[in-house]
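Structure file model.txt; described as compact mmCIF, C-alpha atoms.
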```txt
# COMPACT_ATOMS: atom_id res chain seq x y z
CA MET A 1267 -117.46 -19.56 24.56
CA ALA A 1268 -116.54 -16.46 26.49
CA ASN A 1269 -117.05 -16.65 30.23
CA TYR A 1270 -120.53 -15.26 30.60
CA LYS A 1271 -123.83 -16.71 31.65
CA PRO A 1272 -126.03 -16.64 28.55
CA VAL A 1273 -129.29 -14.76 29.08
CA PRO A 1274 -131.94 -15.49 26.44
CA THR A 1275 -134.84 -13.12 25.77
CA VAL A 1276 -137.11 -15.90 24.52
CA THR A 1277 -137.68 -18.96 26.70
CA PRO A 1278 -140.21 -21.79 26.47
CA SER A 1279 -143.70 -20.61 27.41
CA PRO A 1280 -144.60 -22.19 30.78
CA ASN A 1281 -148.30 -22.86 30.10
CA PHE A 1282 -147.78 -24.01 26.55
CA ASN A 1283 -150.66 -25.60 24.67
CA ALA A 1284 -149.95 -26.40 21.02
CA ALA A 1285 -153.62 -26.99 20.20
CA GLU A 1286 -154.69 -23.60 21.59
CA ASP A 1287 -151.89 -21.79 19.77
CA ALA A 1288 -152.61 -23.56 16.49
CA THR A 1289 -156.30 -22.69 16.76
CA ALA A 1290 -155.50 -19.06 17.56
CA LEU A 1291 -153.15 -18.83 14.55
CA ARG A 1292 -155.75 -20.39 12.25
CA THR A 1293 -158.31 -17.85 13.48
CA ALA A 1294 -155.81 -15.01 12.97
CA MET A 1295 -155.38 -15.96 9.31
CA LYS A 1296 -158.87 -17.16 8.40
CA GLY A 1297 -161.39 -15.00 6.61
CA PHE A 1298 -160.90 -11.41 5.61
CA GLY A 1299 -157.72 -9.67 6.80
CA THR A 1300 -155.03 -11.02 9.08
CA ASP A 1301 -154.56 -10.43 12.79
CA GLU A 1302 -150.80 -9.75 12.71
CA GLN A 1303 -150.63 -8.85 16.38
CA ALA A 1304 -151.98 -12.27 17.38
CA ILE A 1305 -149.31 -13.92 15.23
CA ILE A 1306 -146.59 -11.79 16.88
CA ASP A 1307 -147.92 -12.44 20.40
CA ILE A 1308 -147.85 -16.20 19.92
CA LEU A 1309 -144.74 -16.87 17.84
CA THR A 1310 -142.33 -14.44 19.54
CA ALA A 1311 -143.24 -15.81 22.97
CA ARG A 1312 -142.60 -19.50 22.25
CA SER A 1313 -139.35 -21.43 21.97
CA ASN A 1314 -138.39 -22.91 18.61
CA GLY A 1315 -139.30 -26.39 19.86
CA GLN A 1316 -142.76 -25.13 20.83
CA ARG A 1317 -143.21 -23.49 17.41
CA GLN A 1318 -142.43 -26.84 15.77
CA GLU A 1319 -145.10 -28.48 17.92
CA ILE A 1320 -147.62 -25.82 16.90
CA ALA A 1321 -146.80 -26.43 13.22
CA ASP A 1322 -147.24 -30.20 13.67
CA TYR A 1323 -150.59 -29.75 15.40
CA PHE A 1324 -151.68 -27.26 12.73
CA THR A 1325 -151.11 -29.87 10.01
CA TYR A 1326 -152.74 -32.61 12.09
CA GLU A 1327 -155.84 -30.55 12.89
CA TYR A 1328 -156.36 -28.55 9.69
CA GLY A 1329 -154.50 -30.58 7.08
CA ARG A 1330 -152.60 -27.41 6.19
CA ASN A 1331 -148.99 -26.29 6.31
CA LEU A 1332 -148.55 -23.47 8.84
CA ILE A 1333 -145.51 -22.02 7.04
CA ASP A 1334 -147.38 -21.96 3.70
CA ASP A 1335 -150.34 -20.24 5.35
CA LEU A 1336 -148.09 -17.65 6.99
CA LYS A 1337 -146.34 -17.01 3.65
CA SER A 1338 -149.63 -16.39 1.90
CA GLU A 1339 -150.89 -14.02 4.61
CA LEU A 1340 -147.79 -11.98 5.42
CA GLY A 1341 -145.35 -9.94 3.40
CA GLY A 1342 -142.09 -8.01 3.43
CA LYS A 1343 -139.64 -7.97 6.31
CA PHE A 1344 -142.34 -8.99 8.77
CA GLU A 1345 -142.79 -12.23 6.83
CA ASP A 1346 -139.01 -12.74 6.89
CA VAL A 1347 -138.95 -12.54 10.71
CA ILE A 1348 -141.89 -14.90 11.19
CA LEU A 1349 -140.57 -17.49 8.72
CA ALA A 1350 -137.11 -17.31 10.36
CA LEU A 1351 -138.78 -18.06 13.70
CA MET A 1352 -140.53 -21.10 12.23
CA LYS A 1353 -137.37 -22.74 10.87
CA ASP A 1354 -135.22 -25.17 12.80
CA PRO A 1355 -132.26 -23.01 14.03
CA CYS A 1356 -129.54 -25.08 12.31
CA GLU A 1357 -131.53 -25.26 9.09
CA TYR A 1358 -132.03 -21.50 9.24
CA MET A 1359 -128.26 -20.94 9.56
CA ALA A 1360 -127.56 -23.41 6.75
CA LYS A 1361 -130.00 -21.50 4.51
CA GLN A 1362 -128.38 -18.19 5.44
CA LEU A 1363 -124.95 -19.59 4.49
CA HIS A 1364 -126.32 -20.92 1.21
CA LYS A 1365 -127.91 -17.57 0.43
CA ALA A 1366 -124.60 -15.82 1.14
CA MET A 1367 -122.89 -17.98 -1.49
CA ALA A 1368 -125.67 -18.16 -4.10
CA GLY A 1369 -125.57 -16.16 -7.32
CA ILE A 1370 -122.83 -13.78 -8.32
CA GLY A 1371 -120.43 -12.70 -5.60
CA THR A 1372 -120.26 -13.97 -2.05
CA GLU A 1373 -121.32 -12.23 1.17
CA GLU A 1374 -118.14 -12.93 3.09
CA GLU A 1375 -119.36 -10.96 6.11
CA THR A 1376 -122.25 -13.37 6.59
CA LEU A 1377 -119.93 -16.39 6.34
CA VAL A 1378 -117.62 -14.83 8.93
CA GLU A 1379 -120.44 -13.91 11.32
CA ILE A 1380 -121.99 -17.38 11.28
CA LEU A 1381 -118.87 -19.57 11.17
CA CYS A 1382 -116.39 -17.66 13.33
CA SER A 1383 -118.73 -17.12 16.27
CA ARG A 1384 -119.71 -20.71 17.05
CA ASP A 1385 -118.19 -23.67 18.82
CA ASN A 1386 -117.64 -27.10 17.30
CA GLU A 1387 -120.96 -28.55 18.37
CA GLU A 1388 -122.94 -25.70 16.79
CA ILE A 1389 -120.85 -25.84 13.62
CA GLY A 1390 -121.34 -29.61 13.38
CA ALA A 1391 -125.11 -29.27 13.55
CA ILE A 1392 -125.11 -26.56 10.85
CA VAL A 1393 -122.83 -28.68 8.62
CA ASP A 1394 -125.22 -31.64 8.93
CA ALA A 1395 -128.25 -29.47 8.18
CA TYR A 1396 -126.49 -28.00 5.14
CA GLU A 1397 -125.72 -31.37 3.61
CA LYS A 1398 -129.29 -32.57 4.23
CA LEU A 1399 -130.78 -29.48 2.59
CA TYR A 1400 -128.46 -29.10 -0.39
CA ASN A 1401 -127.02 -32.56 -0.85
CA ARG A 1402 -123.48 -31.23 -0.95
CA PRO A 1403 -120.95 -30.69 1.84
CA LEU A 1404 -120.70 -27.15 3.19
CA ALA A 1405 -116.88 -27.35 3.04
CA GLU A 1406 -117.02 -28.09 -0.68
CA HIS A 1407 -119.37 -25.17 -1.37
CA LEU A 1408 -117.16 -22.82 0.71
CA CYS A 1409 -114.11 -23.94 -1.26
CA SER A 1410 -115.76 -23.03 -4.54
CA GLU A 1411 -116.77 -19.56 -3.31
CA THR A 1412 -113.71 -18.40 -1.37
CA SER A 1413 -109.97 -18.48 -1.90
CA GLY A 1414 -106.54 -18.36 -0.32
CA HIS A 1415 -105.94 -18.32 3.41
CA PHE A 1416 -109.51 -17.15 4.03
CA ARG A 1417 -110.79 -20.32 2.40
CA ARG A 1418 -108.35 -22.39 4.41
CA LEU A 1419 -109.50 -20.87 7.71
CA LEU A 1420 -113.21 -21.39 7.00
CA THR A 1421 -112.58 -24.93 5.81
CA LEU A 1422 -110.71 -25.75 9.01
CA ILE A 1423 -113.61 -24.35 11.05
CA VAL A 1424 -116.33 -26.32 9.26
CA THR A 1425 -114.38 -29.57 9.37
CA GLY A 1426 -114.66 -29.33 13.15
CA VAL A 1427 -111.02 -29.31 14.19
CA ARG A 1428 -111.56 -26.99 17.15
CA ASP A 1429 -110.75 -28.49 20.56
CA ALA A 1430 -113.39 -28.95 23.23
CA GLU A 1431 -113.88 -25.96 25.54
CA SER A 1432 -112.57 -27.98 28.48
CA ASP A 1433 -109.13 -28.28 26.87
CA VAL A 1434 -107.15 -25.52 28.58
CA ASP A 1435 -103.39 -25.72 28.96
CA PRO A 1436 -101.43 -22.62 30.12
CA GLU A 1437 -98.11 -24.02 28.98
CA ARG A 1438 -99.38 -24.71 25.49
CA ALA A 1439 -100.90 -21.20 25.44
CA ARG A 1440 -97.45 -19.71 25.96
CA GLU A 1441 -96.02 -21.82 23.11
CA ALA A 1442 -98.89 -20.84 20.80
CA ALA A 1443 -98.39 -17.15 21.63
CA GLU A 1444 -94.70 -17.44 20.74
CA MET A 1445 -95.58 -19.23 17.50
CA LEU A 1446 -97.99 -16.45 16.57
CA TYR A 1447 -95.36 -13.85 17.34
CA ASP A 1448 -92.73 -15.65 15.26
CA ALA A 1449 -95.20 -16.07 12.39
CA GLY A 1450 -96.12 -12.39 12.35
CA GLU A 1451 -94.36 -9.53 14.07
CA GLY A 1452 -91.22 -11.57 14.65
CA LYS A 1453 -90.42 -11.92 10.96
CA LEU A 1454 -90.60 -10.19 7.61
CA GLY A 1455 -93.88 -11.10 5.98
CA THR A 1456 -96.54 -13.23 7.67
CA ASP A 1457 -97.00 -16.97 7.93
CA GLU A 1458 -100.81 -17.02 7.75
CA GLU A 1459 -100.86 -20.80 8.01
CA VAL A 1460 -99.71 -20.62 11.65
CA PHE A 1461 -102.39 -18.03 12.50
CA ASN A 1462 -105.03 -20.18 10.79
CA ARG A 1463 -103.98 -23.32 12.57
CA ILE A 1464 -104.05 -21.82 16.07
CA LEU A 1465 -107.21 -19.74 15.60
CA ALA A 1466 -109.16 -22.65 14.11
CA HIS A 1467 -107.92 -25.46 16.38
CA ASP A 1468 -107.75 -24.04 19.91
CA SER A 1469 -110.92 -23.80 21.98
CA PHE A 1470 -112.20 -20.30 22.80
CA ASN A 1471 -111.15 -20.80 26.42
CA GLN A 1472 -107.65 -21.79 25.33
CA LEU A 1473 -107.43 -18.89 22.89
CA ARG A 1474 -108.25 -16.49 25.72
CA LEU A 1475 -105.05 -17.65 27.45
CA VAL A 1476 -103.09 -17.51 24.18
CA PHE A 1477 -104.09 -13.87 23.65
CA GLU A 1478 -103.11 -12.95 27.22
CA GLU A 1479 -99.73 -14.61 26.71
CA TYR A 1480 -99.36 -12.86 23.38
CA LYS A 1481 -99.44 -9.51 25.16
CA SER A 1482 -96.54 -10.48 27.39
CA VAL A 1483 -94.58 -12.02 24.50
CA SER A 1484 -94.98 -9.12 22.06
CA GLY A 1485 -96.00 -6.15 24.21
CA ARG A 1486 -99.03 -5.65 21.94
CA THR A 1487 -102.52 -7.05 21.73
CA ILE A 1488 -103.42 -9.71 19.20
CA GLU A 1489 -105.82 -7.20 17.57
CA GLN A 1490 -102.99 -4.73 16.96
CA SER A 1491 -100.91 -7.49 15.47
CA LEU A 1492 -103.69 -8.72 13.15
CA ARG A 1493 -104.24 -5.18 11.88
CA ASP A 1494 -100.61 -5.03 10.77
CA GLU A 1495 -100.07 -8.61 9.67
CA VAL A 1496 -103.17 -9.65 7.72
CA SER A 1497 -105.71 -7.91 5.51
CA GLY A 1498 -109.02 -8.29 3.72
CA GLU A 1499 -111.45 -11.10 4.46
CA LEU A 1500 -108.84 -13.09 6.37
CA LYS A 1501 -108.36 -10.19 8.78
CA ASP A 1502 -112.14 -9.88 9.20
CA ALA A 1503 -112.47 -13.59 9.97
CA MET A 1504 -109.56 -13.68 12.41
CA SER A 1505 -110.74 -10.50 14.12
CA ALA A 1506 -114.21 -12.03 14.50
CA ILE A 1507 -112.73 -15.07 16.24
CA VAL A 1508 -110.70 -12.80 18.55
CA GLU A 1509 -113.79 -10.70 19.36
CA CYS A 1510 -115.90 -13.78 20.10
CA VAL A 1511 -113.19 -15.23 22.33
CA GLN A 1512 -113.20 -12.01 24.32
CA SER A 1513 -116.97 -11.45 24.28
CA THR A 1514 -119.47 -13.09 21.96
CA PRO A 1515 -122.26 -10.68 23.03
CA ALA A 1516 -120.06 -7.66 22.23
CA PHE A 1517 -119.27 -9.15 18.81
CA PHE A 1518 -122.98 -9.46 17.99
CA ALA A 1519 -123.78 -6.04 19.48
CA LYS A 1520 -121.26 -4.48 17.08
CA ARG A 1521 -122.69 -6.45 14.15
CA LEU A 1522 -126.18 -5.21 14.98
CA HIS A 1523 -124.94 -1.65 15.24
CA LYS A 1524 -123.24 -1.93 11.88
CA ALA A 1525 -126.41 -3.35 10.32
CA MET A 1526 -128.29 -0.24 11.41
CA ALA A 1527 -125.60 2.43 10.97
CA GLY A 1528 -125.53 4.85 8.05
CA ALA A 1529 -128.09 5.06 5.30
CA GLY A 1530 -130.37 2.07 4.92
CA THR A 1531 -130.56 -0.99 7.13
CA ASP A 1532 -129.08 -4.43 6.56
CA ASP A 1533 -132.35 -6.13 7.45
CA GLN A 1534 -131.12 -9.63 6.72
CA THR A 1535 -128.33 -9.35 9.32
CA LEU A 1536 -130.65 -7.62 11.80
CA ILE A 1537 -133.24 -10.41 11.52
CA ARG A 1538 -130.67 -13.21 11.53
CA ILE A 1539 -128.92 -12.07 14.71
CA ILE A 1540 -132.06 -11.21 16.67
CA VAL A 1541 -133.85 -14.44 15.73
CA SER A 1542 -130.84 -16.74 16.11
CA ARG A 1543 -129.60 -15.30 19.43
CA ALA A 1544 -133.01 -14.74 21.11
CA GLU A 1545 -132.96 -18.19 22.71
CA ILE A 1546 -129.23 -18.06 23.47
CA ASP A 1547 -127.81 -14.72 24.67
CA LEU A 1548 -129.79 -11.80 23.28
CA GLY A 1549 -130.14 -10.55 26.86
CA ASN A 1550 -126.34 -10.23 27.08
CA ILE A 1551 -126.12 -8.70 23.60
CA LYS A 1552 -128.65 -6.03 24.68
CA GLU A 1553 -126.53 -5.18 27.71
CA GLU A 1554 -123.37 -4.93 25.63
CA TYR A 1555 -125.15 -2.80 23.05
CA GLU A 1556 -126.19 -0.31 25.67
CA ARG A 1557 -122.74 -0.33 27.26
CA ILE A 1558 -120.93 0.30 23.96
CA TYR A 1559 -123.35 2.70 22.26
CA ASP A 1560 -125.04 4.32 25.23
CA LYS A 1561 -128.52 3.61 23.91
CA THR A 1562 -130.77 0.58 24.09
CA LEU A 1563 -130.94 -1.98 21.32
CA GLU A 1564 -134.70 -1.61 21.44
CA SER A 1565 -134.58 2.13 20.71
CA ALA A 1566 -132.10 1.58 17.86
CA VAL A 1567 -134.33 -1.07 16.26
CA LYS A 1568 -137.42 1.13 16.69
CA ASN A 1569 -135.66 3.93 14.82
CA GLU A 1570 -134.71 1.69 11.92
CA THR A 1571 -137.86 -0.36 11.42
CA SER A 1572 -141.62 0.14 11.29
CA GLY A 1573 -145.00 -1.55 11.46
CA ASP A 1574 -145.39 -5.26 12.21
CA TYR A 1575 -141.73 -5.83 11.36
CA LYS A 1576 -140.76 -3.46 14.17
CA ARG A 1577 -143.27 -4.97 16.60
CA ALA A 1578 -141.99 -8.50 15.95
CA LEU A 1579 -138.32 -7.57 16.50
CA VAL A 1580 -139.09 -5.53 19.62
CA ALA A 1581 -141.09 -8.46 21.03
CA LEU A 1582 -138.07 -10.74 20.51
CA ILE A 1583 -135.67 -8.24 22.10
CA GLY A 1584 -137.93 -8.00 25.14
CA GLY A 1585 -138.19 -5.10 27.58
CA PRO A 1586 -135.03 -3.23 28.68
```

Target format structure tokens, applied to this file:
Amino acid sequence: MANYKPVPTVTPSPNFNAAEDATALRTAMKGFGTDEQAIIDILTARSNGQRQEIADYFTYEYGRNLIDDLKSELGGKFEDVILALMKDPCEYMAKQLHKAMAGIGTEEETLVEILCSRDNEEIGAIVDAYEKLYNRPLAEHLCSETSGHFRRLLTLIVTGVRDAESDVDPERAREAAEMLYDAGEGKLGTDEEVFNRILAHDSFNQLRLVFEEYKSVSGRTIEQSLRDEVSGELKDAMSAIVECVQSTPAFFAKRLHKAMAGAGTDDQTLIRIIVSRAEIDLGNIKEEYERIYDKTLESAVKNETSGDYKRALVALIGGP
């Protein structure tokens, strides 16, 4: 991934005690009314691994399923955040992909955000989780829901063809840049297959060199070239890869901004990014958000959300 030191906003709680947390959660949900704040305080301040331990202890001690209890006590977007926190991260992503392809129409933006922003290892884990959950390969489901070069690119990504991040070769980067130029600006029409192959196979570190070389080969940035050479979902997917190569946190900051811009809020995207990046690089995403939009992510989220939903997201984002 891009050269930055990932800063999470949620880290494992140092004095963790699964029994204490399980007891506190049971108390928060027992009897009349629910203590939502107690639920927020515990679950947003534990790592996913710790939450799984709490759930195991909860079942062991009370003979009950913590997720079922939370579902019956909570509602709305607040429930969505808490249940997202309780899922295994790869399973959560697999479910988000499935949801994006279920029913009529496909949410291509969600597919792009999840699949184009991750390295091979992360993709592999999501692919495994998907097959376990739905008993069908993710690649097969993607093929039935997408088409053309867009389908080809996503299929390449989920089949795990991307090189390891340690594979960096300046000479090969120059060749790849020339191939991209010849496949796009250097000819009439575009050979999307060449773009797909390079963008799906080369590691993010290698692609960074390719894009630098591209500038010296063509005199333009790869973004400018993509705008002219490809369109629609394929352009969105390729642009996402380019953005993540340059700065994954900036990519997610822009996605968050888009989820909150204009009328209405895309809560699903807001929840997915905040929950899934909290233990990875939400600290960096916050910084980028403030740099690009000149306001804090926290203030933006506070403006768009309310109640326990707002409190849970703000707790995950952490102080400025």

May I have the residues within 8 Å of region 1282-1295 of chain A as number ranges by chain, using all atoms listed in the file and disregarding those fewer than 3 positions away in the same chain?
-> A: 1278-1279, 1299-1302, 1304-1305, 1308, 1316, 1319-1321, 1323-1324, 1335-1336, 1339

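Minimum atom-to-atom distances from A:Asp1435, A:Asp1346, A:Glu1458, A:Asp1334 to Lys1576 (chain A) were compared using all atoms listed in the file, and the lowest value belongs to A:Asp1346.
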
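In terms of minimum interatomic distance to Ala1360 (chain A), A:Pro1403 ranks closest within A:Gly1426, A:Pro1403, A:Pro1280, A:Pro1274, counting only C-alpha atoms.
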
Could you pull the residues within 12 Å of Ala1430 (chain A), counting all atoms listed in the file, minus those fewer than 6 positions along the same chain, as an MDAnalysis selection string?
-> chainID A and resid 1267 1385:1388 1466:1473

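Take CA of Ala1439 (chain A) and CA of Ile1507 (chain A): the distance between them is 16.2 Å.
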
Could you pull out every residue with an atom within 12 Å of (-127.6, -29.0, 7.6), file coordinates, counting all atoms listed in the file, and send them as an MDAnalysis selection string?
-> chainID A and resid 1354:1364 1388:1405 1424

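The neighbours of Asp1307 (chain A) here are the residues that come within 8 Å of it, using only C-alpha atoms and leaving out any residue fewer than 4 positions away in the same chain; they are Gln1303, Ala1311 and Ala1581 of chain A.
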
Coordinates-based distance that separates CA of Ser1383 (chain A) from CA of Arg1312 (chain A) (Å, one decimal) | 24.7 Å

Counting only C-alpha atoms, which residues have an atom no more than 7 Å from (-103.7, -10.1, 10.4) in the file's coordinates? Please list them as a PDB file with C-alpha atoms, in the coordinates of the input.
```
ATOM      1  CA  SER A1491    -100.910  -7.490  15.470  1.00  0.00           C
ATOM      2  CA  LEU A1492    -103.690  -8.720  13.150  1.00  0.00           C
ATOM      3  CA  ARG A1493    -104.240  -5.180  11.880  1.00  0.00           C
ATOM      4  CA  ASP A1494    -100.610  -5.030  10.770  1.00  0.00           C
ATOM      5  CA  GLU A1495    -100.070  -8.610   9.670  1.00  0.00           C
ATOM      6  CA  VAL A1496    -103.170  -9.650   7.720  1.00  0.00           C
ATOM      7  CA  SER A1497    -105.710  -7.910   5.510  1.00  0.00           C
ATOM      8  CA  LYS A1501    -108.360 -10.190   8.780  1.00  0.00           C
TER       9      LYS A1501
END
```

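Closest approach to Ile1539 (chain A) among A:Arg1521, A:His1407, A:Arg1577, A:Lys1552: A:Arg1521, based on all atoms listed in the file.
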
Do you have the CA of Phe1416 (chain A)-CA of Glu1373 (chain A) distance handy?
-> 13.1 Å

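With distances taken over all atoms listed in the file, A:Arg1463 is the one residue among A:Ser1413, A:Gly1450, A:Arg1463, A:Glu1489 lying closest to Asp1429 (chain A).
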
From the set A:Gly1414, A:Gly1498, A:Gly1573, A:Gly1584, which residue has the shortest atom-to-atom contact distance to Glu1459 (chain A), counting only C-alpha atoms?
-> A:Gly1414

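For the set A:Glu1499, A:Tyr1559, A:Val1508, A:Glu1545, the residue with the smallest atom-to-atom gap to Val1276 (chain A) is A:Glu1545, counting only C-alpha atoms.
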
Nearby residues (all atoms listed in the file) at most 10 Å from Leu1475 (chain A), same-chain spacing under 4 positions excluded, as a list in words | Val1434, Asp1435, Pro1436, Glu1437, Arg1438, Ala1439, Arg1440, Ala1442, Ala1443, Phe1470, Asn1471, Glu1479, Tyr1480 and Val1511 of chain A

Using C-alpha atoms, can you write the selected residues to a file as a short mmCIF file (atom, residue, chain, number, x, y, z; two decimals), in the frame of the given file?
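Ended up saving to again_39.cif:
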```cif
data_model
loop_
_atom_site.label_atom_id
_atom_site.label_comp_id
_atom_site.auth_asym_id
_atom_site.auth_seq_id
_atom_site.Cartn_x
_atom_site.Cartn_y
_atom_site.Cartn_z
CA VAL A 1434 -107.15 -25.52 28.58
CA ASP A 1435 -103.39 -25.72 28.96
CA PRO A 1436 -101.43 -22.62 30.12
CA GLU A 1437 -98.11 -24.02 28.98
CA ARG A 1438 -99.38 -24.71 25.49
CA ALA A 1439 -100.90 -21.20 25.44
CA ARG A 1440 -97.45 -19.71 25.96
CA ALA A 1442 -98.89 -20.84 20.80
CA ALA A 1443 -98.39 -17.15 21.63
CA PHE A 1470 -112.20 -20.30 22.80
CA ASN A 1471 -111.15 -20.80 26.42
CA GLU A 1479 -99.73 -14.61 26.71
CA TYR A 1480 -99.36 -12.86 23.38
CA VAL A 1511 -113.19 -15.23 22.33
#
```

Selection: 8 Å around Ala1544 (chain A), only C-alpha atoms, excl. self and same-chain fewer than 2 positions, as a ChimeraX atom specification | /A:1274-1276,1540-1542,1546-1549,1582-1583

Output of the above residues as a PDB file, keeping the file's coordinate frame, restricted to C-alpha atoms:
```pdb
ATOM      1  CA  PRO A1274    -131.940 -15.490  26.440  1.00  0.00           C
ATOM      2  CA  THR A1275    -134.840 -13.120  25.770  1.00  0.00           C
ATOM      3  CA  VAL A1276    -137.110 -15.900  24.520  1.00  0.00           C
ATOM      4  CA  ILE A1540    -132.060 -11.210  16.670  1.00  0.00           C
ATOM      5  CA  VAL A1541    -133.850 -14.440  15.730  1.00  0.00           C
ATOM      6  CA  SER A1542    -130.840 -16.740  16.110  1.00  0.00           C
ATOM      7  CA  ILE A1546    -129.230 -18.060  23.470  1.00  0.00           C
ATOM      8  CA  ASP A1547    -127.810 -14.720  24.670  1.00  0.00           C
ATOM      9  CA  LEU A1548    -129.790 -11.800  23.280  1.00  0.00           C
ATOM     10  CA  GLY A1549    -130.140 -10.550  26.860  1.00  0.00           C
ATOM     11  CA  LEU A1582    -138.070 -10.740  20.510  1.00  0.00           C
ATOM     12  CA  ILE A1583    -135.670  -8.240  22.100  1.00  0.00           C
TER      13      ILE A1583
END
```

Incomplete region 1278-1284 of chain A filled out to all heavy atoms as a PDB file, in the frame of the given file:
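Result saved to out-v9.pdb:
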```
ATOM      1  N   PRO A1278    -138.984 -21.031  26.684  1.00  0.00           N
ATOM      2  CA  PRO A1278    -140.210 -21.790  26.470  1.00  0.00           C
ATOM      3  C   PRO A1278    -141.361 -21.227  27.301  1.00  0.00           C
ATOM      4  O   PRO A1278    -141.177 -20.877  28.468  1.00  0.00           O
ATOM      5  CB  PRO A1278    -139.842 -23.209  26.923  1.00  0.00           C
ATOM      6  CG  PRO A1278    -138.355 -23.282  26.783  1.00  0.00           C
ATOM      7  CD  PRO A1278    -137.857 -21.904  27.097  1.00  0.00           C
ATOM      8  N   SER A1279    -142.531 -21.127  26.695  1.00  0.00           N
ATOM      9  CA  SER A1279    -143.700 -20.610  27.410  1.00  0.00           C
ATOM     10  C   SER A1279    -144.146 -21.649  28.452  1.00  0.00           C
ATOM     11  O   SER A1279    -144.320 -22.821  28.131  1.00  0.00           O
ATOM     12  CB  SER A1279    -144.825 -20.360  26.410  1.00  0.00           C
ATOM     13  OG  SER A1279    -146.012 -20.076  27.088  1.00  0.00           O
ATOM     14  N   PRO A1280    -144.320 -21.222  29.713  1.00  0.00           N
ATOM     15  CA  PRO A1280    -144.600 -22.190  30.780  1.00  0.00           C
ATOM     16  C   PRO A1280    -145.942 -22.912  30.630  1.00  0.00           C
ATOM     17  O   PRO A1280    -146.045 -24.097  30.882  1.00  0.00           O
ATOM     18  CB  PRO A1280    -144.543 -21.352  32.055  1.00  0.00           C
ATOM     19  CG  PRO A1280    -144.648 -19.936  31.623  1.00  0.00           C
ATOM     20  CD  PRO A1280    -144.137 -19.856  30.230  1.00  0.00           C
ATOM     21  N   ASN A1281    -146.985 -22.197  30.208  1.00  0.00           N
ATOM     22  CA  ASN A1281    -148.300 -22.860  30.100  1.00  0.00           C
ATOM     23  C   ASN A1281    -148.623 -23.164  28.644  1.00  0.00           C
ATOM     24  O   ASN A1281    -149.697 -22.852  28.148  1.00  0.00           O
ATOM     25  CB  ASN A1281    -149.390 -21.965  30.703  1.00  0.00           C
ATOM     26  CG  ASN A1281    -149.036 -21.564  32.124  1.00  0.00           C
ATOM     27  OD1 ASN A1281    -148.632 -22.403  32.922  1.00  0.00           O
ATOM     28  ND2 ASN A1281    -149.155 -20.285  32.436  1.00  0.00           N
ATOM     29  N   PHE A1282    -147.675 -23.797  27.988  1.00  0.00           N
ATOM     30  CA  PHE A1282    -147.780 -24.010  26.550  1.00  0.00           C
ATOM     31  C   PHE A1282    -148.872 -25.021  26.191  1.00  0.00           C
ATOM     32  O   PHE A1282    -148.985 -26.075  26.824  1.00  0.00           O
ATOM     33  CB  PHE A1282    -146.422 -24.488  26.026  1.00  0.00           C
ATOM     34  CG  PHE A1282    -146.418 -24.859  24.582  1.00  0.00           C
ATOM     35  CD1 PHE A1282    -146.667 -23.899  23.606  1.00  0.00           C
ATOM     36  CD2 PHE A1282    -146.150 -26.159  24.189  1.00  0.00           C
ATOM     37  CE1 PHE A1282    -146.659 -24.239  22.258  1.00  0.00           C
ATOM     38  CE2 PHE A1282    -146.135 -26.512  22.845  1.00  0.00           C
ATOM     39  CZ  PHE A1282    -146.390 -25.553  21.875  1.00  0.00           C
ATOM     40  N   ASN A1283    -149.651 -24.674  25.180  1.00  0.00           N
ATOM     41  CA  ASN A1283    -150.660 -25.600  24.670  1.00  0.00           C
ATOM     42  C   ASN A1283    -150.679 -25.476  23.145  1.00  0.00           C
ATOM     43  O   ASN A1283    -151.189 -24.507  22.594  1.00  0.00           O
ATOM     44  CB  ASN A1283    -152.027 -25.250  25.273  1.00  0.00           C
ATOM     45  CG  ASN A1283    -153.113 -26.226  24.823  1.00  0.00           C
ATOM     46  OD1 ASN A1283    -153.146 -26.666  23.671  1.00  0.00           O
ATOM     47  ND2 ASN A1283    -154.002 -26.566  25.745  1.00  0.00           N
ATOM     48  N   ALA A1284    -150.095 -26.459  22.477  1.00  0.00           N
ATOM     49  CA  ALA A1284    -149.950 -26.400  21.020  1.00  0.00           C
ATOM     50  C   ALA A1284    -151.302 -26.287  20.316  1.00  0.00           C
ATOM     51  O   ALA A1284    -151.449 -25.549  19.333  1.00  0.00           O
ATOM     52  CB  ALA A1284    -149.201 -27.639  20.519  1.00  0.00           C
TER      53      ALA A1284
END
```
